[in-house]
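In what follows, a structure is listed as structure tokens, so that the remarks can point back to it.
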Amino acid sequence: MAKRRSDNIQNRKSGADRSRKQGRPPKTPHGNSTRPSSSGRNAGRRPPSSKVTEYRRPVNINIGMIIFTVILIYVIYSIFRYATAKHVIGYEVRTGSISANSVYQGLALREEEVVDSEYSGYINYYSPETDRLAAGKLACTIDESGQIQSYLAQNASEDTVFSDSEYSELSSNIVSFEESFDPSAFRSVYDFKTTFSGTIQKITNSSILSDLSSLAGSSSLHYCNTSDTGYIVYSVDGYEEKTFQDLVTSDFDTANYTRTDLTNNALIAAGDPAYKLETSEDWELVIQLSSKEEADALQEEGVVRVRFLKNQYESWATVGDVRDAGDGRYFAELKFTNSMMTFCTDRFLGIELISNAATGLKIPKSALIDDTFYVVPKDYVTSGAKSSQGVLRQVMDSDGEKSTEFISVTPYTKDDDEDHYYLSRDTLRDGDVLIRPDSSDTLKLSSSMTDTLTGVYNINKGYADFRQVTKIAENDDYAIVKANSTYGLREYDYIVLNASSMSPNEFLYE
């Protein structure tokens, strides 16, 4: 009996443990839970269900994360749009000026007389080159026997002293060479060496000229006097007989140019050049031009100011004849009446034509664009509502009936064409039939009726609006155009800096 009671107690403990593990309160021996009973009002009620429901947290919306996400998406979209969009740079039109100076290589033509020697022997000069000699003055001597050369050798001294005027002449030659030296024309160094050596020798010779009286009676010594007045030059190059009409393009090739210097105390033969005499103060430079328009513009000026690049000396020249060289180039004469002595030894001279600075609206050349327009007679353009201008175009409806519509256009003009208007191809197309106002005459448009105009794209209204311009002057970077022209530009207008990046009527921001 005691054993049975012990087993019952043990079974109840095991049941209580199982109930505790399953989350249920243990039962009493009478089948009830061991949980204390509620108050009397809960007596007899059904015990609560032992089923456990999982707790779910409520969804909390973070407004900060939403705003951050929206901003991030917008930034990414903006970066993508900027990277893929067309970038248009505007330029504000302002009044300005440019100096359209042009640099040329000129070929000098003069009245030159090459005097040949009548004798064979050693030639000696007694006047510095470029001196102006009067007619009948001693130019040189020809020593057939070599007596002067022997005399000079016997009286040569390392202690020779020059006068102040002679030192001044030598110093002037050196300074002039230093100022005009161009490393790209190194040949000038050898020319200067020859000229400088000859100057020293002629100074030395002139100092002994009075001592030649002892040799005056010698039949081997010949005095050569000038037959005319002119500048004496001690070199020849074969251009002495050339005229403006004789010149060809190859004559301007300095790489093939050769000059023969006539040196002092040199042995020459009869018939060889002894010296050259330039007999007139009038001379000319011939320059090459690249186009007929350039040649016509220069000839129209008549008189031009010239800067010599050798020494920056400036002078006025009269524009003479202009002729076609036959190879797409043109030759032009620039005539001078002074500065002969300064340049009488130079055959080729670099010059710059100084033009008056042109003033107008200054725009970059990258903003210029050429567009194609229909060219129609002026009497096909008429006025419409609100003083707008346009043309009458013939149209046909679905029933085949013909009618007329007014097409608003901007009529451009050219200075050299007073009878026609230039109409944009944006509103008109090939095959359109235009009707002359108050007439039955018609004009069918075609691609053969087109021409080009130069203009810019005005962007004041947010789209590329073509505006015609007329160039006054230009250089490598800028052009000067007329201001306040009809359908043209005004100061402070905004234009597209790079016109090739836009199309007519294209919007800047889409």
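Letters for chains follow the order of the structure tokens (A, B, ...), residue numbers begin at 1 for each chain, and ligand numbers begin at 1 in the order shown.
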
Residue list (strand (DSSP E), DSSP) for region 94-142 of chain A, as a PDB file with C-alpha atoms, in the first residue's frame:
ATOM      1  CA  ARG A  94      31.388  93.443 -77.684  1.00  0.00           C
ATOM      2  CA  THR A  95      32.839  96.268 -79.768  1.00  0.00           C
ATOM      3  CA  GLY A  96      36.551  95.892 -80.497  1.00  0.00           C
ATOM      4  CA  SER A  97      39.241  96.291 -83.110  1.00  0.00           C
ATOM      5  CA  ILE A  98      42.045  94.304 -84.727  1.00  0.00           C
ATOM      6  CA  SER A 102      50.423  91.146 -93.087  1.00  0.00           C
ATOM      7  CA  VAL A 103      54.038  90.037 -93.436  1.00  0.00           C
ATOM      8  CA  TYR A 104      55.604  89.435 -96.854  1.00  0.00           C
ATOM      9  CA  GLN A 105      58.976  88.652 -98.383  1.00  0.00           C
ATOM     10  CA  GLY A 106      59.715  91.377-100.925  1.00  0.00           C
ATOM     11  CA  LEU A 107      62.077  91.258-103.889  1.00  0.00           C
ATOM     12  CA  ALA A 108      63.813  94.573-104.587  1.00  0.00           C
ATOM     13  CA  LEU A 109      64.099  95.920-108.137  1.00  0.00           C
ATOM     14  CA  GLU A 112      71.229  99.015-111.525  1.00  0.00           C
ATOM     15  CA  GLU A 113      74.249  99.233-113.785  1.00  0.00           C
ATOM     16  CA  VAL A 114      76.941  96.569-113.572  1.00  0.00           C
ATOM     17  CA  VAL A 115      80.264  98.082-114.723  1.00  0.00           C
ATOM     18  CA  ASP A 116      82.657  95.524-116.199  1.00  0.00           C
ATOM     19  CA  GLY A 121      94.682  92.761-112.818  1.00  0.00           C
ATOM     20  CA  TYR A 122      94.227  93.437-109.121  1.00  0.00           C
ATOM     21  CA  ILE A 123      91.214  95.591-108.319  1.00  0.00           C
ATOM     22  CA  ASN A 124      91.189  98.025-105.404  1.00  0.00           C
ATOM     23  CA  TYR A 125      88.297 100.087-104.058  1.00  0.00           C
ATOM     24  CA  ARG A 132      76.786 107.928-103.293  1.00  0.00           C
ATOM     25  CA  LEU A 133      79.403 108.814-105.914  1.00  0.00           C
ATOM     26  CA  LEU A 138      87.100 107.375-108.744  1.00  0.00           C
ATOM     27  CA  ALA A 139      85.390 104.031-108.197  1.00  0.00           C
ATOM     28  CA  CYS A 140      88.378 101.667-108.300  1.00  0.00           C
ATOM     29  CA  THR A 141      91.800 101.038-109.773  1.00  0.00           C
ATOM     30  CA  ILE A 142      93.028  98.077-111.822  1.00  0.00           C
TER      31      ILE A 142
END

Close residues, Asn505 (chain A) itself excluded, 9 Å, only C-alpha atoms, min 5 positions apart in chain, as a ChimeraX atom specification: /A:426,457,463-466

Closest of A:Ile67, A:Met449, A:Val395, A:Ile89 to Phe373 (chain A) - atom-to-atom distances counting only C-alpha atoms: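 Among A:Ile67, A:Met449, A:Val395, A:Ile89, it is A:Met449 that comes nearest to Phe373 (chain A).
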
All residues 12 Å or closer to Gly328 (chain A), only C-alpha atoms, same chain fewer than 2 positions away omitted, as a PyMOL selection string: chain A and resi 249+288-295+323-326+330-331

Using only C-alpha atoms, which protein or nucleic acid residues come within 10 Å of Asp251 (chain A)? Drop anything in the same chain fewer than 4 positions from it, and give the result as a tab-separated table (two decimals) with N, CA, C and O atoms, in the first residue's frame.
chain	number	residue	atom	x	y	z
A	107	LEU	N	60.91	91.31	-103.01
A	107	LEU	CA	62.08	91.26	-103.89
A	107	LEU	C	62.30	92.65	-104.44
A	107	LEU	O	61.41	93.24	-105.05
A	239	TYR	N	70.12	89.63	-110.89
A	239	TYR	CA	68.78	90.23	-110.90
A	239	TYR	C	68.79	91.67	-111.43
A	239	TYR	O	67.75	92.31	-111.48
A	242	LYS	N	66.37	92.41	-114.35
A	242	LYS	CA	64.98	91.93	-114.25
A	242	LYS	C	64.03	93.10	-114.05
A	242	LYS	O	64.35	94.10	-113.41
A	246	ASP	N	59.10	90.50	-115.87
A	246	ASP	CA	59.94	89.33	-116.08
A	246	ASP	C	59.88	88.33	-114.94
A	246	ASP	O	60.27	87.16	-115.12
A	247	LEU	N	59.44	88.75	-113.78
A	247	LEU	CA	59.53	87.91	-112.59
A	247	LEU	C	58.63	86.68	-112.68
A	247	LEU	O	57.52	86.74	-113.21
A	256	ASN	N	67.68	79.18	-103.42
A	256	ASN	CA	68.50	79.06	-104.64
A	256	ASN	C	69.16	80.37	-105.03
A	256	ASN	O	69.76	80.46	-106.10
A	257	TYR	N	69.04	81.36	-104.17
A	257	TYR	CA	69.61	82.67	-104.48
A	257	TYR	C	71.12	82.65	-104.24
A	257	TYR	O	71.60	82.15	-103.22

In region 236-399 of chain A, DSSP alpha helix (DSSP H) residues written as a list in words: Lys292, Glu293, Glu294, Ala295, Asp296, Ala297, Leu298, Gln299, Glu300, Glu301, Met340, Met341, Thr342 and Phe343 of chain A

Take the residues from that selection and write them out as a PDB file, in the first residue's frame, keeping N, CA and C atoms.
ATOM      1  N   LYS A 292      43.260  86.660-105.541  1.00  0.00           N
ATOM      2  CA  LYS A 292      42.874  87.846-106.290  1.00  0.00           C
ATOM      3  C   LYS A 292      42.201  88.871-105.385  1.00  0.00           C
ATOM      4  N   GLU A 293      41.415  88.376-104.395  1.00  0.00           N
ATOM      5  CA  GLU A 293      40.758  89.298-103.468  1.00  0.00           C
ATOM      6  C   GLU A 293      41.786  90.104-102.685  1.00  0.00           C
ATOM      7  N   GLU A 294      42.866  89.439-102.269  1.00  0.00           N
ATOM      8  CA  GLU A 294      43.930  90.136-101.539  1.00  0.00           C
ATOM      9  C   GLU A 294      44.618  91.156-102.434  1.00  0.00           C
ATOM     10  N   ALA A 295      44.836  90.786-103.700  1.00  0.00           N
ATOM     11  CA  ALA A 295      45.471  91.706-104.636  1.00  0.00           C
ATOM     12  C   ALA A 295      44.583  92.913-104.918  1.00  0.00           C
ATOM     13  N   ASP A 296      43.272  92.668-105.116  1.00  0.00           N
ATOM     14  CA  ASP A 296      42.352  93.771-105.375  1.00  0.00           C
ATOM     15  C   ASP A 296      42.245  94.708-104.177  1.00  0.00           C
ATOM     16  N   ALA A 297      42.224  94.129-102.970  1.00  0.00           N
ATOM     17  CA  ALA A 297      42.131  94.954-101.759  1.00  0.00           C
ATOM     18  C   ALA A 297      43.355  95.831-101.606  1.00  0.00           C
ATOM     19  N   LEU A 298      44.532  95.289-101.911  1.00  0.00           N
ATOM     20  CA  LEU A 298      45.766  96.076-101.808  1.00  0.00           C
ATOM     21  C   LEU A 298      45.790  97.184-102.851  1.00  0.00           C
ATOM     22  N   GLN A 299      45.381  96.867-104.069  1.00  0.00           N
ATOM     23  CA  GLN A 299      45.385  97.874-105.129  1.00  0.00           C
ATOM     24  C   GLN A 299      44.366  98.970-104.851  1.00  0.00           C
ATOM     25  N   GLU A 300      43.269  98.606-104.194  1.00  0.00           N
ATOM     26  CA  GLU A 300      42.253  99.597-103.860  1.00  0.00           C
ATOM     27  C   GLU A 300      42.758 100.597-102.824  1.00  0.00           C
ATOM     28  N   GLU A 301      43.645 100.164-101.931  1.00  0.00           N
ATOM     29  CA  GLU A 301      44.200 101.086-100.936  1.00  0.00           C
ATOM     30  C   GLU A 301      45.045 102.170-101.579  1.00  0.00           C
ATOM     31  N   MET A 340      66.698 104.484-100.273  1.00  0.00           N
ATOM     32  CA  MET A 340      67.507 103.672-101.181  1.00  0.00           C
ATOM     33  C   MET A 340      68.850 103.304-100.552  1.00  0.00           C
ATOM     34  N   MET A 341      69.526 104.282 -99.941  1.00  0.00           N
ATOM     35  CA  MET A 341      70.856 104.036 -99.391  1.00  0.00           C
ATOM     36  C   MET A 341      70.813 102.973 -98.305  1.00  0.00           C
ATOM     37  N   THR A 342      69.724 102.930 -97.509  1.00  0.00           N
ATOM     38  CA  THR A 342      69.634 101.986 -96.398  1.00  0.00           C
ATOM     39  C   THR A 342      69.547 100.554 -96.875  1.00  0.00           C
ATOM     40  N   PHE A 343      68.875 100.322 -98.010  1.00  0.00           N
ATOM     41  CA  PHE A 343      68.594  98.953 -98.441  1.00  0.00           C
ATOM     42  C   PHE A 343      69.190  98.622 -99.804  1.00  0.00           C
TER      43      PHE A 343
END

Near-Arg436 (chain A) list (12 Å; only C-alpha atoms; drop same-chain fewer than 3 positions) as a PyMOL selection string: chain A and resi 376-382+390-394+404+406+433+439-444

Residue contacts of Ala270 (chain A) (6 Å, only C-alpha atoms) excluding same-chain residues fewer than 5 positions away, as a list in words: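 The residues that qualify are Ser117, Glu118, Tyr119 and Ser120 of chain A.
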
Dump of N, CA and C atoms for the selected residues, as a PDB file, in the first residue's frame:
ATOM      1  N   SER A 117      85.041  95.404-115.940  1.00  0.00           N
ATOM      2  CA  SER A 117      86.423  95.873-116.015  1.00  0.00           C
ATOM      3  C   SER A 117      86.935  95.794-117.460  1.00  0.00           C
ATOM      4  N   GLU A 118      87.679  96.812-117.870  1.00  0.00           N
ATOM      5  CA  GLU A 118      88.285  96.812-119.208  1.00  0.00           C
ATOM      6  C   GLU A 118      89.672  96.192-119.190  1.00  0.00           C
ATOM      7  N   TYR A 119      90.174  95.896-117.983  1.00  0.00           N
ATOM      8  CA  TYR A 119      91.554  95.404-117.860  1.00  0.00           C
ATOM      9  C   TYR A 119      91.576  94.180-116.946  1.00  0.00           C
ATOM     10  N   SER A 120      92.662  93.462-117.041  1.00  0.00           N
ATOM     11  CA  SER A 120      92.918  92.356-116.130  1.00  0.00           C
ATOM     12  C   SER A 120      93.943  92.795-115.100  1.00  0.00           C
TER      13      SER A 120
END

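Closest approach to Trp316 (chain A) from the set A:Arg347, A:Ser403, A:Ser355, A:Asp261 is made by A:Ser355, with distances taken over only C-alpha atoms.
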